Amino acid sequence: MTALHELTVAELSKALRTRTVSSVELVRALLARIEQHQQGLNAFITVLREEALAEAARADARLAAGDEGAVIGVPIAHKDIFCTRGQKTTCGSRMLANFVSPYDATVVERLRAAGVVTLGKTNMDEFAMGSSNETSYFGPVRNPWDPARVPGGSSGGSAAAVAARLAPAATATDTGGSIRQPAALCGVTGLKPTYGRVSRFGMIAFASSLDQGGLITRSAEDSALLLGMMAGFDERDSTSVQLTVPDYCATLEQPLKGLKIGLLKEFFDEGLDSESAQRIRDGLEVLREQGATLKEVSLPNLPLSVPTYYVVAPAECSSNLARFDGVRYGYRCENPRDLLDLYQRSRGEGFGAEVKRRIMTGTYVLSAGYYDAYYLKAQRVRALISADFERAFHEIDVLIGPTTPTPAFEIGAKTADPVTMYLNDIYTIGANLAGLPAISVPCGLVRGLPVGLQIIGPHFSESRLFNVAHRYQLETDWHRRAPPGFA
């Protein structure tokens, strides 16, 4: 019999509804695994043991009463950027280390209503700023495939928890690749939906025009199931799109015959690890054998995505984080001499080095005399990048390439060089700048470490992405592989 922690969300849904296992039994098993592995991985900031068991008991009562909800009783974890009522929401920062939210984020609210059980809140780069999960005030997360290496960021805690089988799924957020990059480095499936598809209400803001909530799961099928519960219009979010949410699971099995795949020329450059490139080509061959056709596509402005992002994102971060001033909530310094000292010391002591770096960069590019030279120019380049994607999708159905330039690197290897660290997002940032949906799926191992294949589609084409990813996962078992010692 398959161990409970090895079951996917779809498999757990079936087991719970047929009463093969109870939610309480399942939650106890996962809490025991979290207790066993938390010290070594540091994937969680908060574990909600008593709350999870109480939610599981309520879920079992719903199931016993005949409620047939698809995910009732399924345990998941939430990235600690989503507000959870009556529980700590820290954003991985000293600034919010003791903040208890008075309300639920829309994502949390909708999943609660669907019957999921919250195991805890996962570790993350401070205010989602980072590519390695080393900037968290609560310490770095470690990659289950090699604890000496990073899990990726900023959603590294969510990715590590799912990879290590501590939770079957976790929510996450993606501003420049923060779902897909850690999913690739940890060998799991990571979905960034179209901008506006999932409400940002109650998701603590980093860069408001780029942030998007999504999922880290073990399979595309699991992501399709959960996105259907999370997505949809929310009047509390001004960027939420008022479109009907389709049944994402309905088209998973659709054949790929006739699918036109674009190979991003700019992704297969000298910066891509050669062995990783071969794993991507192997993955493309699996799709070609199912009837898809391949065509090389060039997006000439895409190489400008990293410098564009690192002007736009810090500018918006500077604005969004201005509210953390030591006055209303969050960290406050001790014995301030006056109001200016309160502001300066509260922010100086409450924020970490990377957050300060981005706030200062953002304040600079928005300042008088530099706004036109930097921020306005970056927004114009962003429009060019979006136009490149739009032209490409007139010729092809999806774009496919690598998710990251290399497998996971060692903890501490890039912390002294922020620019080198920023380049880890070189293949993911474009989709954020254009607001496109994208998914990363595991497609092999290089030197014993996972490699991710990224699929990008036009706006609101999540169903097609799930279809392509699912058909790939039907033919391969990389998404079933567990890190050594965690099976």
# chains A, B, ... in the order shown; residues from 1 in each chain; ligands from 1

$ residues_around --residues "Val245 of chain A" --least-positions-apart "2" --cutoff "8 Å" --atoms "only C-alpha atoms" --output "JSON, numbers by chain"
{"A": [228, 231, 232, 243, 247]}

$ select_by_dssp --residues "segment 117-293 of chain A" --states "alpha helix (DSSP H)" --output "PDB file with N, CA and C atoms, in the first residue's frame"
ATOM      1  N   GLY A 156      10.548  29.155  -1.350  1.00  0.00           N
ATOM      2  CA  GLY A 156      11.355  27.967  -1.088  1.00  0.00           C
ATOM      3  C   GLY A 156      10.784  27.054  -0.026  1.00  0.00           C
ATOM      4  N   GLY A 157      10.141  27.625   0.995  1.00  0.00           N
ATOM      5  CA  GLY A 157       9.537  26.795   2.035  1.00  0.00           C
ATOM      6  C   GLY A 157       8.416  25.945   1.486  1.00  0.00           C
ATOM      7  N   SER A 158       7.577  26.523   0.639  1.00  0.00           N
ATOM      8  CA  SER A 158       6.483  25.770   0.022  1.00  0.00           C
ATOM      9  C   SER A 158       7.024  24.653  -0.858  1.00  0.00           C
ATOM     10  N   ALA A 159       8.051  24.971  -1.673  1.00  0.00           N
ATOM     11  CA  ALA A 159       8.621  23.970  -2.578  1.00  0.00           C
ATOM     12  C   ALA A 159       9.290  22.843  -1.807  1.00  0.00           C
ATOM     13  N   ALA A 160      10.057  23.186  -0.768  1.00  0.00           N
ATOM     14  CA  ALA A 160      10.733  22.161   0.025  1.00  0.00           C
ATOM     15  C   ALA A 160       9.734  21.279   0.751  1.00  0.00           C
ATOM     16  N   ALA A 161       8.664  21.873   1.285  1.00  0.00           N
ATOM     17  CA  ALA A 161       7.655  21.094   2.008  1.00  0.00           C
ATOM     18  C   ALA A 161       6.959  20.096   1.100  1.00  0.00           C
ATOM     19  N   VAL A 162       6.638  20.514  -0.114  1.00  0.00           N
ATOM     20  CA  VAL A 162       5.965  19.609  -1.058  1.00  0.00           C
ATOM     21  C   VAL A 162       6.935  18.542  -1.553  1.00  0.00           C
ATOM     22  N   ALA A 163       8.170  18.934  -1.862  1.00  0.00           N
ATOM     23  CA  ALA A 163       9.168  17.970  -2.344  1.00  0.00           C
ATOM     24  C   ALA A 163       9.483  16.906  -1.302  1.00  0.00           C
ATOM     25  N   ARG A 180       7.918  29.256  -9.862  1.00  0.00           N
ATOM     26  CA  ARG A 180       8.488  28.321 -10.844  1.00  0.00           C
ATOM     27  C   ARG A 180       9.947  27.975 -10.545  1.00  0.00           C
ATOM     28  N   GLN A 181      10.735  28.965 -10.120  1.00  0.00           N
ATOM     29  CA  GLN A 181      12.159  28.700  -9.855  1.00  0.00           C
ATOM     30  C   GLN A 181      12.362  27.727  -8.698  1.00  0.00           C
ATOM     31  N   PRO A 182      11.735  27.919  -7.527  1.00  0.00           N
ATOM     32  CA  PRO A 182      11.900  26.910  -6.467  1.00  0.00           C
ATOM     33  C   PRO A 182      11.266  25.565  -6.829  1.00  0.00           C
ATOM     34  N   ALA A 183      10.174  25.582  -7.602  1.00  0.00           N
ATOM     35  CA  ALA A 183       9.586  24.312  -8.046  1.00  0.00           C
ATOM     36  C   ALA A 183      10.593  23.528  -8.880  1.00  0.00           C
ATOM     37  N   ALA A 184      11.300  24.226  -9.771  1.00  0.00           N
ATOM     38  CA  ALA A 184      12.303  23.568 -10.606  1.00  0.00           C
ATOM     39  C   ALA A 184      13.452  23.018  -9.772  1.00  0.00           C
ATOM     40  N   LEU A 185      13.939  23.806  -8.816  1.00  0.00           N
ATOM     41  CA  LEU A 185      15.098  23.388  -8.023  1.00  0.00           C
ATOM     42  C   LEU A 185      14.752  22.279  -7.037  1.00  0.00           C
ATOM     43  N   CYS A 186      13.468  22.122  -6.710  1.00  0.00           N
ATOM     44  CA  CYS A 186      13.052  21.075  -5.756  1.00  0.00           C
ATOM     45  C   CYS A 186      12.341  19.902  -6.426  1.00  0.00           C
ATOM     46  N   ALA A 220       0.529  18.418 -12.291  1.00  0.00           N
ATOM     47  CA  ALA A 220      -0.316  19.409 -12.954  1.00  0.00           C
ATOM     48  C   ALA A 220      -1.785  19.161 -12.628  1.00  0.00           C
ATOM     49  N   GLU A 221      -2.163  17.896 -12.494  1.00  0.00           N
ATOM     50  CA  GLU A 221      -3.548  17.557 -12.144  1.00  0.00           C
ATOM     51  C   GLU A 221      -3.929  18.178 -10.799  1.00  0.00           C
ATOM     52  N   ASP A 222      -3.020  18.112  -9.824  1.00  0.00           N
ATOM     53  CA  ASP A 222      -3.288  18.700  -8.506  1.00  0.00           C
ATOM     54  C   ASP A 222      -3.456  20.212  -8.606  1.00  0.00           C
ATOM     55  N   SER A 223      -2.604  20.858  -9.401  1.00  0.00           N
ATOM     56  CA  SER A 223      -2.700  22.305  -9.568  1.00  0.00           C
ATOM     57  C   SER A 223      -4.021  22.689 -10.220  1.00  0.00           C
ATOM     58  N   ALA A 224      -4.437  21.914 -11.210  1.00  0.00           N
ATOM     59  CA  ALA A 224      -5.707  22.186 -11.888  1.00  0.00           C
ATOM     60  C   ALA A 224      -6.875  22.092 -10.916  1.00  0.00           C
ATOM     61  N   LEU A 225      -6.836  21.095 -10.060  1.00  0.00           N
ATOM     62  CA  LEU A 225      -7.910  20.887  -9.084  1.00  0.00           C
ATOM     63  C   LEU A 225      -7.983  22.051  -8.100  1.00  0.00           C
ATOM     64  N   LEU A 226      -6.834  22.462  -7.573  1.00  0.00           N
ATOM     65  CA  LEU A 226      -6.813  23.511  -6.560  1.00  0.00           C
ATOM     66  C   LEU A 226      -7.023  24.908  -7.129  1.00  0.00           C
ATOM     67  N   LEU A 227      -6.507  25.166  -8.337  1.00  0.00           N
ATOM     68  CA  LEU A 227      -6.708  26.494  -8.927  1.00  0.00           C
ATOM     69  C   LEU A 227      -8.193  26.776  -9.134  1.00  0.00           C
ATOM     70  N   GLY A 228      -8.945  25.738  -9.471  1.00  0.00           N
ATOM     71  CA  GLY A 228     -10.388  25.915  -9.636  1.00  0.00           C
ATOM     72  C   GLY A 228     -11.060  26.410  -8.371  1.00  0.00           C
ATOM     73  N   MET A 229     -10.497  26.079  -7.219  1.00  0.00           N
ATOM     74  CA  MET A 229     -11.049  26.536  -5.931  1.00  0.00           C
ATOM     75  C   MET A 229     -10.592  27.968  -5.602  1.00  0.00           C
ATOM     76  N   MET A 230      -9.387  28.345  -6.036  1.00  0.00           N
ATOM     77  CA  MET A 230      -8.781  29.619  -5.659  1.00  0.00           C
ATOM     78  C   MET A 230      -9.159  30.775  -6.576  1.00  0.00           C
ATOM     79  N   SER A 274      24.662  22.978 -19.814  1.00  0.00           N
ATOM     80  CA  SER A 274      24.523  22.090 -20.976  1.00  0.00           C
ATOM     81  C   SER A 274      23.726  20.832 -20.657  1.00  0.00           C
ATOM     82  N   GLU A 275      23.921  20.267 -19.471  1.00  0.00           N
ATOM     83  CA  GLU A 275      23.174  19.070 -19.107  1.00  0.00           C
ATOM     84  C   GLU A 275      21.694  19.396 -18.881  1.00  0.00           C
ATOM     85  N   SER A 276      21.426  20.560 -18.304  1.00  0.00           N
ATOM     86  CA  SER A 276      20.034  20.988 -18.128  1.00  0.00           C
ATOM     87  C   SER A 276      19.370  21.171 -19.490  1.00  0.00           C
ATOM     88  N   ALA A 277      20.098  21.761 -20.438  1.00  0.00           N
ATOM     89  CA  ALA A 277      19.560  21.957 -21.788  1.00  0.00           C
ATOM     90  C   ALA A 277      19.166  20.625 -22.418  1.00  0.00           C
ATOM     91  N   GLN A 278      19.976  19.593 -22.189  1.00  0.00           N
ATOM     92  CA  GLN A 278      19.657  18.282 -22.757  1.00  0.00           C
ATOM     93  C   GLN A 278      18.398  17.702 -22.139  1.00  0.00           C
ATOM     94  N   ARG A 279      18.188  17.914 -20.840  1.00  0.00           N
ATOM     95  CA  ARG A 279      16.962  17.426 -20.198  1.00  0.00           C
ATOM     96  C   ARG A 279      15.733  18.129 -20.775  1.00  0.00           C
ATOM     97  N   ILE A 280      15.875  19.414 -21.100  1.00  0.00           N
ATOM     98  CA  ILE A 280      14.763  20.149 -21.714  1.00  0.00           C
ATOM     99  C   ILE A 280      14.467  19.576 -23.098  1.00  0.00           C
ATOM    100  N   ARG A 281      15.506  19.309 -23.851  1.00  0.00           N
ATOM    101  CA  ARG A 281      15.312  18.738 -25.196  1.00  0.00           C
ATOM    102  C   ARG A 281      14.691  17.349 -25.112  1.00  0.00           C
ATOM    103  N   ASP A 282      15.072  16.576 -24.101  1.00  0.00           N
ATOM    104  CA  ASP A 282      14.449  15.268 -23.895  1.00  0.00           C
ATOM    105  C   ASP A 282      12.955  15.432 -23.617  1.00  0.00           C
ATOM    106  N   GLY A 283      12.612  16.431 -22.812  1.00  0.00           N
ATOM    107  CA  GLY A 283      11.212  16.692 -22.509  1.00  0.00           C
ATOM    108  C   GLY A 283      10.431  17.113 -23.734  1.00  0.00           C
ATOM    109  N   LEU A 284      11.043  17.939 -24.560  1.00  0.00           N
ATOM    110  CA  LEU A 284      10.383  18.366 -25.797  1.00  0.00           C
ATOM    111  C   LEU A 284      10.135  17.179 -26.725  1.00  0.00           C
ATOM    112  N   GLU A 285      11.047  16.220 -26.726  1.00  0.00           N
ATOM    113  CA  GLU A 285      10.876  15.027 -27.569  1.00  0.00           C
ATOM    114  C   GLU A 285       9.670  14.209 -27.113  1.00  0.00           C
ATOM    115  N   VAL A 286       9.439  14.147 -25.797  1.00  0.00           N
ATOM    116  CA  VAL A 286       8.256  13.445 -25.274  1.00  0.00           C
ATOM    117  C   VAL A 286       6.985  14.083 -25.821  1.00  0.00           C
ATOM    118  N   LEU A 287       6.949  15.405 -25.877  1.00  0.00           N
ATOM    119  CA  LEU A 287       5.774  16.105 -26.386  1.00  0.00           C
ATOM    120  C   LEU A 287       5.657  15.946 -27.902  1.00  0.00           C
ATOM    121  N   ARG A 288       6.791  15.965 -28.600  1.00  0.00           N
ATOM    122  CA  ARG A 288       6.763  15.777 -30.055  1.00  0.00           C
ATOM    123  C   ARG A 288       6.231  14.408 -30.418  1.00  0.00           C
ATOM    124  N   GLU A 289       6.588  13.396 -29.641  1.00  0.00           N
ATOM    125  CA  GLU A 289       6.104  12.041 -29.905  1.00  0.00           C
ATOM    126  C   GLU A 289       4.595  11.918 -29.713  1.00  0.00           C
TER     127      GLU A 289
END

$ residues_around --residues "segment 173-176 of chain A" --least-positions-apart "4" --cutoff "6 Å" --atoms "only C-alpha atoms" --output "JSON, numbers by chain"
{"A": [210, 211, 212, 213, 214, 429, 432]}

$ write_last_selection --atoms "C-alpha atoms" --output "PDB file, in the first residue's frame"
ATOM      1  CA  LEU A 210       3.799  41.765 -10.868  1.00  0.00           C
ATOM      2  CA  ASP A 211       2.709  39.759  -7.787  1.00  0.00           C
ATOM      3  CA  GLN A 212       0.500  36.746  -8.456  1.00  0.00           C
ATOM      4  CA  GLY A 213      -0.666  33.977  -6.145  1.00  0.00           C
ATOM      5  CA  GLY A 214      -0.355  30.408  -7.330  1.00  0.00           C
ATOM      6  CA  ILE A 429      10.756  37.234 -15.278  1.00  0.00           C
ATOM      7  CA  ASN A 432       5.583  38.337 -14.969  1.00  0.00           C
TER       8      ASN A 432
END

$ atom_distance --atom1 "atom CA of Leu26 of chain A" --atom2 "atom CA of Ile179 of chain A"
25.7 Å

$ select_by_dssp --residues "segment 124-255 of chain A" --states "strand (DSSP E)" --output "PDB file with N, CA and C atoms, in the first residue's frame"
ATOM      1  N   ALA A 169       0.532  19.815  -1.098  1.00  0.00           N
ATOM      2  CA  ALA A 169       0.458  21.029  -1.905  1.00  0.00           C
ATOM      3  C   ALA A 169       0.665  22.228  -1.001  1.00  0.00           C
ATOM      4  N   ALA A 170       1.011  23.360  -1.612  1.00  0.00           N
ATOM      5  CA  ALA A 170       1.184  24.594  -0.846  1.00  0.00           C
ATOM      6  C   ALA A 170       0.887  25.779  -1.746  1.00  0.00           C
ATOM      7  N   THR A 171       0.323  26.826  -1.156  1.00  0.00           N
ATOM      8  CA  THR A 171       0.173  28.067  -1.899  1.00  0.00           C
ATOM      9  C   THR A 171       1.535  28.749  -1.994  1.00  0.00           C
ATOM     10  N   ALA A 172       1.645  29.665  -2.955  1.00  0.00           N
ATOM     11  CA  ALA A 172       2.913  30.349  -3.193  1.00  0.00           C
ATOM     12  C   ALA A 172       2.619  31.630  -3.952  1.00  0.00           C
ATOM     13  N   THR A 173       3.628  32.472  -4.115  1.00  0.00           N
ATOM     14  CA  THR A 173       3.462  33.684  -4.907  1.00  0.00           C
ATOM     15  C   THR A 173       4.638  33.835  -5.856  1.00  0.00           C
ATOM     16  N   ASP A 174       4.377  34.535  -6.965  1.00  0.00           N
ATOM     17  CA  ASP A 174       5.361  34.661  -8.035  1.00  0.00           C
ATOM     18  C   ASP A 174       5.385  36.111  -8.510  1.00  0.00           C
ATOM     19  N   THR A 189       5.971  20.648  -9.152  1.00  0.00           N
ATOM     20  CA  THR A 189       5.235  21.402 -10.165  1.00  0.00           C
ATOM     21  C   THR A 189       4.843  22.759  -9.593  1.00  0.00           C
ATOM     22  N   GLY A 190       5.146  23.835 -10.336  1.00  0.00           N
ATOM     23  CA  GLY A 190       4.829  25.172  -9.853  1.00  0.00           C
ATOM     24  C   GLY A 190       4.053  25.971 -10.877  1.00  0.00           C
ATOM     25  N   LEU A 191       2.903  26.496 -10.494  1.00  0.00           N
ATOM     26  CA  LEU A 191       2.036  27.249 -11.402  1.00  0.00           C
ATOM     27  C   LEU A 191       1.948  28.717 -11.020  1.00  0.00           C
ATOM     28  N   LYS A 192       2.259  29.605 -11.961  1.00  0.00           N
ATOM     29  CA  LYS A 192       1.947  31.034 -11.855  1.00  0.00           C
ATOM     30  C   LYS A 192       0.789  31.322 -12.798  1.00  0.00           C
ATOM     31  N   GLN A 212       1.635  37.609  -8.148  1.00  0.00           N
ATOM     32  CA  GLN A 212       0.500  36.746  -8.456  1.00  0.00           C
ATOM     33  C   GLN A 212       0.550  35.496  -7.585  1.00  0.00           C
ATOM     34  N   GLY A 213      -0.574  35.191  -6.944  1.00  0.00           N
ATOM     35  CA  GLY A 213      -0.666  33.977  -6.145  1.00  0.00           C
ATOM     36  C   GLY A 213      -0.819  32.755  -7.025  1.00  0.00           C
ATOM     37  N   GLY A 214      -0.256  31.640  -6.566  1.00  0.00           N
ATOM     38  CA  GLY A 214      -0.355  30.408  -7.330  1.00  0.00           C
ATOM     39  C   GLY A 214      -0.132  29.205  -6.440  1.00  0.00           C
ATOM     40  N   LEU A 215       0.408  28.131  -7.017  1.00  0.00           N
ATOM     41  CA  LEU A 215       0.466  26.848  -6.321  1.00  0.00           C
ATOM     42  C   LEU A 215       1.773  26.118  -6.579  1.00  0.00           C
ATOM     43  N   ILE A 216       2.196  25.364  -5.575  1.00  0.00           N
ATOM     44  CA  ILE A 216       3.240  24.360  -5.743  1.00  0.00           C
ATOM     45  C   ILE A 216       2.638  23.026  -5.340  1.00  0.00           C
ATOM     46  N   THR A 217       2.664  22.079  -6.274  1.00  0.00           N
ATOM     47  CA  THR A 217       2.061  20.768  -6.078  1.00  0.00           C
ATOM     48  C   THR A 217       3.013  19.708  -6.623  1.00  0.00           C
TER      49      THR A 217
END

$ residues_around --residues "Arg149 of chain A" --least-positions-apart "4" --cutoff "7 Å" --atoms "only C-alpha atoms" --output "ChimeraX atom specification"
/A:142-143,408-411

$ residues_around --residues "Leu474 of chain A" --least-positions-apart "3" --cutoff "12 Å" --atoms "only C-alpha atoms" --output "list in words"
Ser219, Ala220, Glu221, Leu252, Glu253, Gln254, Pro255, Val286, Leu287, Gln290, Phe466, Asn467, Val468, Ala469, His470, Arg471, Asp477, Trp478, His479 and Arg480 of chain A

$ write_last_selection --atoms "N, CA and C atoms" --output "PDB file, in the first residue's frame"
ATOM      1  N   SER A 219       1.855  17.508  -9.030  1.00  0.00           N
ATOM      2  CA  SER A 219       1.443  17.230 -10.403  1.00  0.00           C
ATOM      3  C   SER A 219       0.609  18.369 -10.959  1.00  0.00           C
ATOM      4  N   ALA A 220       0.529  18.418 -12.291  1.00  0.00           N
ATOM      5  CA  ALA A 220      -0.316  19.409 -12.954  1.00  0.00           C
ATOM      6  C   ALA A 220      -1.785  19.161 -12.628  1.00  0.00           C
ATOM      7  N   GLU A 221      -2.163  17.896 -12.494  1.00  0.00           N
ATOM      8  CA  GLU A 221      -3.548  17.557 -12.144  1.00  0.00           C
ATOM      9  C   GLU A 221      -3.929  18.178 -10.799  1.00  0.00           C
ATOM     10  N   LEU A 252      -7.722  18.039 -19.208  1.00  0.00           N
ATOM     11  CA  LEU A 252      -6.391  17.504 -18.910  1.00  0.00           C
ATOM     12  C   LEU A 252      -5.954  16.424 -19.893  1.00  0.00           C
ATOM     13  N   GLU A 253      -6.889  15.578 -20.299  1.00  0.00           N
ATOM     14  CA  GLU A 253      -6.541  14.414 -21.116  1.00  0.00           C
ATOM     15  C   GLU A 253      -6.534  14.701 -22.618  1.00  0.00           C
ATOM     16  N   GLN A 254      -6.844  15.914 -23.008  1.00  0.00           N
ATOM     17  CA  GLN A 254      -6.934  16.252 -24.434  1.00  0.00           C
ATOM     18  C   GLN A 254      -5.636  15.900 -25.153  1.00  0.00           C
ATOM     19  N   PRO A 255      -5.711  15.215 -26.322  1.00  0.00           N
ATOM     20  CA  PRO A 255      -4.488  14.850 -27.056  1.00  0.00           C
ATOM     21  C   PRO A 255      -3.706  16.089 -27.495  1.00  0.00           C
ATOM     22  N   VAL A 286       9.439  14.147 -25.797  1.00  0.00           N
ATOM     23  CA  VAL A 286       8.256  13.445 -25.274  1.00  0.00           C
ATOM     24  C   VAL A 286       6.985  14.083 -25.821  1.00  0.00           C
ATOM     25  N   LEU A 287       6.949  15.405 -25.877  1.00  0.00           N
ATOM     26  CA  LEU A 287       5.774  16.105 -26.386  1.00  0.00           C
ATOM     27  C   LEU A 287       5.657  15.946 -27.902  1.00  0.00           C
ATOM     28  N   GLN A 290       4.004  12.864 -28.970  1.00  0.00           N
ATOM     29  CA  GLN A 290       2.555  12.852 -28.786  1.00  0.00           C
ATOM     30  C   GLN A 290       1.818  13.669 -29.841  1.00  0.00           C
ATOM     31  N   PHE A 466      -2.108  23.247 -18.258  1.00  0.00           N
ATOM     32  CA  PHE A 466      -2.352  22.025 -17.482  1.00  0.00           C
ATOM     33  C   PHE A 466      -2.404  20.811 -18.404  1.00  0.00           C
ATOM     34  N   ASN A 467      -3.030  20.959 -19.548  1.00  0.00           N
ATOM     35  CA  ASN A 467      -3.152  19.865 -20.508  1.00  0.00           C
ATOM     36  C   ASN A 467      -1.775  19.391 -20.976  1.00  0.00           C
ATOM     37  N   VAL A 468      -0.930  20.336 -21.393  1.00  0.00           N
ATOM     38  CA  VAL A 468       0.412  19.978 -21.884  1.00  0.00           C
ATOM     39  C   VAL A 468       1.237  19.350 -20.761  1.00  0.00           C
ATOM     40  N   ALA A 469       1.198  19.971 -19.584  1.00  0.00           N
ATOM     41  CA  ALA A 469       1.980  19.451 -18.458  1.00  0.00           C
ATOM     42  C   ALA A 469       1.489  18.075 -18.031  1.00  0.00           C
ATOM     43  N   HIS A 470       0.168  17.892 -17.997  1.00  0.00           N
ATOM     44  CA  HIS A 470      -0.391  16.608 -17.580  1.00  0.00           C
ATOM     45  C   HIS A 470      -0.038  15.505 -18.575  1.00  0.00           C
ATOM     46  N   ARG A 471      -0.147  15.805 -19.866  1.00  0.00           N
ATOM     47  CA  ARG A 471       0.189  14.790 -20.873  1.00  0.00           C
ATOM     48  C   ARG A 471       1.680  14.423 -20.782  1.00  0.00           C
ATOM     49  N   ASP A 477       7.925  10.011 -15.179  1.00  0.00           N
ATOM     50  CA  ASP A 477       7.669   9.860 -13.737  1.00  0.00           C
ATOM     51  C   ASP A 477       8.529  10.789 -12.894  1.00  0.00           C
ATOM     52  N   TRP A 478       9.105  11.835 -13.506  1.00  0.00           N
ATOM     53  CA  TRP A 478       9.969  12.734 -12.751  1.00  0.00           C
ATOM     54  C   TRP A 478       9.214  13.396 -11.597  1.00  0.00           C
ATOM     55  N   HIS A 479       7.939  13.684 -11.802  1.00  0.00           N
ATOM     56  CA  HIS A 479       7.156  14.333 -10.742  1.00  0.00           C
ATOM     57  C   HIS A 479       6.840  13.381  -9.595  1.00  0.00           C
ATOM     58  N   ARG A 480       7.081  12.095  -9.814  1.00  0.00           N
ATOM     59  CA  ARG A 480       6.857  11.086  -8.774  1.00  0.00           C
ATOM     60  C   ARG A 480       8.125  10.820  -7.954  1.00  0.00           C
TER      61      ARG A 480
END

$ atom_distance --atom1 "atom CA of Ala416 of chain A" --atom2 "atom CA of Gln379 of chain A"
28.7 Å

$ atom_distance --atom1 "atom CA of Ala431 of chain A" --atom2 "atom CA of Asp397 of chain A"
14.9 Å
